[in-house]
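Q: Input: one structure, supplied below.
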Amino acid sequence: MKNRLKILMAERGINSVSELHRMIQEQGHTMSRRTLDKFARNENNQVHYDTLITLCQVLNCQIHELLIIQEESND
């Protein structure tokens with residue numbers, strides 16, 4: 001599974017993870033910068049529901065817009 005966070009950020013004119021992190025804080029949510037960085041780089045093996053809910057609320061999107069199932073290649 002992969003996320004489309006950077007694509008959604010670009011579509012909404014959010015230029016950096018730092019900018020998104022500020023938006024999250026300004027809307028009264030809490031998320032560590034480390035969690036956000038790892039999510040943006042698709043480096044996490046598990047994601048908490050709170051993280052997904054926060055991102056969907058701040059980005060005004062649905063979960064299916066944020067997450068995609070990506071088939072692994074057998075190369």
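By order in the structure tokens, chains are A, B, ...; within a chain, residues start at 1; ligands start at 1, following the order shown.
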Which residues come within 12 Å of Ile69 (chain A), counting only C-alpha atoms, excluding same-chain residues fewer than 4 positions away, as a ChimeraX atom specification?

A: /A:1-4,63-65

Q: Keeping all heavy atoms for every residue in the selection just given, could you write it to a file as a compact mmCIF listing (two decimals), in the first residue's frame?

A:
```
# COMPACT_ATOMS: atom_id res chain seq x y z
N MET A 1 0.84 -1.17 0.00
CA MET A 1 0.00 0.00 0.00
C MET A 1 0.89 1.23 0.00
O MET A 1 1.91 1.27 0.67
CB MET A 1 -0.90 -0.01 1.23
CG MET A 1 -1.84 1.14 1.25
SD MET A 1 -3.18 0.98 2.44
CE MET A 1 -4.12 -0.32 1.71
N LYS A 2 0.51 2.20 -0.77
CA LYS A 2 1.24 3.47 -0.86
C LYS A 2 0.25 4.60 -0.60
O LYS A 2 -0.96 4.44 -0.69
CB LYS A 2 1.86 3.65 -2.25
CG LYS A 2 2.89 2.62 -2.60
CD LYS A 2 4.14 2.83 -1.81
CE LYS A 2 5.19 1.80 -2.20
NZ LYS A 2 6.37 1.88 -1.40
N ASN A 3 0.80 5.77 -0.31
CA ASN A 3 -0.07 6.92 -0.14
C ASN A 3 0.19 7.94 -1.25
O ASN A 3 1.23 7.91 -1.89
CB ASN A 3 0.09 7.53 1.25
CG ASN A 3 1.41 8.25 1.43
OD1 ASN A 3 1.65 9.27 0.80
ND2 ASN A 3 2.27 7.72 2.28
N ARG A 4 -0.77 8.79 -1.43
CA ARG A 4 -0.71 9.83 -2.45
C ARG A 4 -0.57 11.21 -1.81
O ARG A 4 -1.01 12.21 -2.35
CB ARG A 4 -1.99 9.79 -3.29
CG ARG A 4 -2.19 8.49 -4.05
CD ARG A 4 -3.48 8.50 -4.87
NE ARG A 4 -3.40 9.51 -5.93
CZ ARG A 4 -4.17 10.60 -6.00
NH1 ARG A 4 -5.10 10.83 -5.08
NH2 ARG A 4 -4.04 11.44 -6.99
N ILE A 63 -10.48 8.83 2.26
CA ILE A 63 -9.39 7.88 2.46
C ILE A 63 -8.94 7.24 1.14
O ILE A 63 -7.75 7.04 0.93
CB ILE A 63 -9.79 6.82 3.51
CG1 ILE A 63 -8.58 6.01 3.96
CG2 ILE A 63 -10.85 5.89 2.99
CD1 ILE A 63 -7.69 6.74 4.89
N HIS A 64 -9.87 6.99 0.23
CA HIS A 64 -9.49 6.37 -1.04
C HIS A 64 -8.68 7.31 -1.94
O HIS A 64 -8.03 6.87 -2.88
CB HIS A 64 -10.72 5.83 -1.79
CG HIS A 64 -11.62 6.90 -2.29
ND1 HIS A 64 -12.63 7.44 -1.52
CD2 HIS A 64 -11.67 7.53 -3.49
CE1 HIS A 64 -13.26 8.36 -2.22
NE2 HIS A 64 -12.69 8.44 -3.42
N GLU A 65 -8.72 8.60 -1.64
CA GLU A 65 -7.90 9.55 -2.39
C GLU A 65 -6.47 9.60 -1.83
O GLU A 65 -5.55 9.98 -2.54
CB GLU A 65 -8.50 10.95 -2.30
CG GLU A 65 -9.85 11.07 -2.96
CD GLU A 65 -10.49 12.41 -2.70
OE1 GLU A 65 -11.05 12.60 -1.60
OE2 GLU A 65 -10.39 13.27 -3.60
```

Q: Please, which residues of chain A, numbered as in this document, come out strand (DSSP E) from DSSP, as a JSON list (two decimals) with all heavy atoms, in the first residue's frame?

A:
```json
[["chain", "number", "residue", "atom", "x", "y", "z"],
["A", 2, "LYS", "N", 0.51, 2.20, -0.77],
["A", 2, "LYS", "CA", 1.24, 3.47, -0.86],
["A", 2, "LYS", "C", 0.25, 4.60, -0.60],
["A", 2, "LYS", "O", -0.96, 4.44, -0.69],
["A", 2, "LYS", "CB", 1.86, 3.65, -2.25],
["A", 2, "LYS", "CG", 2.89, 2.62, -2.60],
["A", 2, "LYS", "CD", 4.14, 2.83, -1.81],
["A", 2, "LYS", "CE", 5.19, 1.80, -2.20],
["A", 2, "LYS", "NZ", 6.37, 1.88, -1.40],
["A", 3, "ASN", "N", 0.80, 5.77, -0.31],
["A", 3, "ASN", "CA", -0.07, 6.92, -0.14],
["A", 3, "ASN", "C", 0.19, 7.94, -1.25],
["A", 3, "ASN", "O", 1.23, 7.91, -1.89],
["A", 3, "ASN", "CB", 0.09, 7.53, 1.25],
["A", 3, "ASN", "CG", 1.41, 8.25, 1.43],
["A", 3, "ASN", "OD1", 1.65, 9.27, 0.80],
["A", 3, "ASN", "ND2", 2.27, 7.72, 2.28],
["A", 67, "LEU", "N", -4.91, 6.83, 0.01],
["A", 67, "LEU", "CA", -4.23, 5.53, -0.01],
["A", 67, "LEU", "C", -4.56, 4.76, -1.28],
["A", 67, "LEU", "O", -5.69, 4.76, -1.73],
["A", 67, "LEU", "CB", -4.65, 4.69, 1.19],
["A", 67, "LEU", "CG", -4.31, 5.25, 2.57],
["A", 67, "LEU", "CD1", -4.86, 4.32, 3.63],
["A", 67, "LEU", "CD2", -2.83, 5.45, 2.74],
["A", 68, "ILE", "N", -3.56, 4.08, -1.81],
["A", 68, "ILE", "CA", -3.76, 3.19, -2.96],
["A", 68, "ILE", "C", -3.06, 1.87, -2.69],
["A", 68, "ILE", "O", -2.07, 1.81, -1.96],
["A", 68, "ILE", "CB", -3.24, 3.80, -4.27],
["A", 68, "ILE", "CG1", -1.74, 4.10, -4.18],
["A", 68, "ILE", "CG2", -4.02, 5.03, -4.67],
["A", 68, "ILE", "CD1", -1.10, 4.47, -5.50]]
```

Q: Please report, as a PyMOL selection string, each residue of chain A to which DSSP assigns helix (DSSP H, G or I) when run on this structure's backbone.

A: chain A and resi 5-11+17-26+33-40+49-59+63-66

Q: Excluding Ala40 (chain A) and any residue of its chain fewer than 3 positions from it, enumerate the residues within 10 Å of it, using only C-alpha atoms, and give them as JSON, numbers by chain.

A: {"A": [2, 3, 4, 5, 6, 7, 9, 16, 17, 34, 35, 36, 37, 43, 44]}

Q: With only C-alpha atoms as the basis for distance, which of A:Arg41, A:Arg33, A:Gln70, A:Ile24 is at the shortest distance from Ile53 (chain A)?

A: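 Nearest candidate to Ile53 (chain A) out of A:Arg41, A:Arg33, A:Gln70, A:Ile24: A:Ile24.
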
Q: Out of A:Thr54, A:Leu8, A:Ser18, A:Tyr49, which residue has the shortest atom-to-atom distance to Thr30 (chain A) when counting only C-alpha atoms?

A: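 Smallest separation from Thr30 (chain A) among the options: A:Thr54.
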
Q: What separation in Å, quoted to one decimal, exists between CA of Gln25 (chain A) and CA of Gln57 (chain A)?

A: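 If I compute the distance from CA of Gln25 (chain A) to CA of Gln57 (chain A), I get 12.2 Å.
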
Q: In Å, how far is it from CA of Glu26 (chain A) to CA of Asn45 (chain A)?

A: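 Between these atoms lies a distance of 27.3 Å.
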
Q: Between A:Asn60, A:Thr51, A:Asn15, A:Gln46, which is the closest to Ser32 (chain A) once you count only C-alpha atoms?

A: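 When distances to Ser32 (chain A) are compared using only C-alpha atoms, the smallest one comes from A:Thr51.
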
Q: Could you check how far CA of Arg12 (chain A) sits from CA of Leu59 (chain A), in Å to one decimal?

A: 7.7 Å
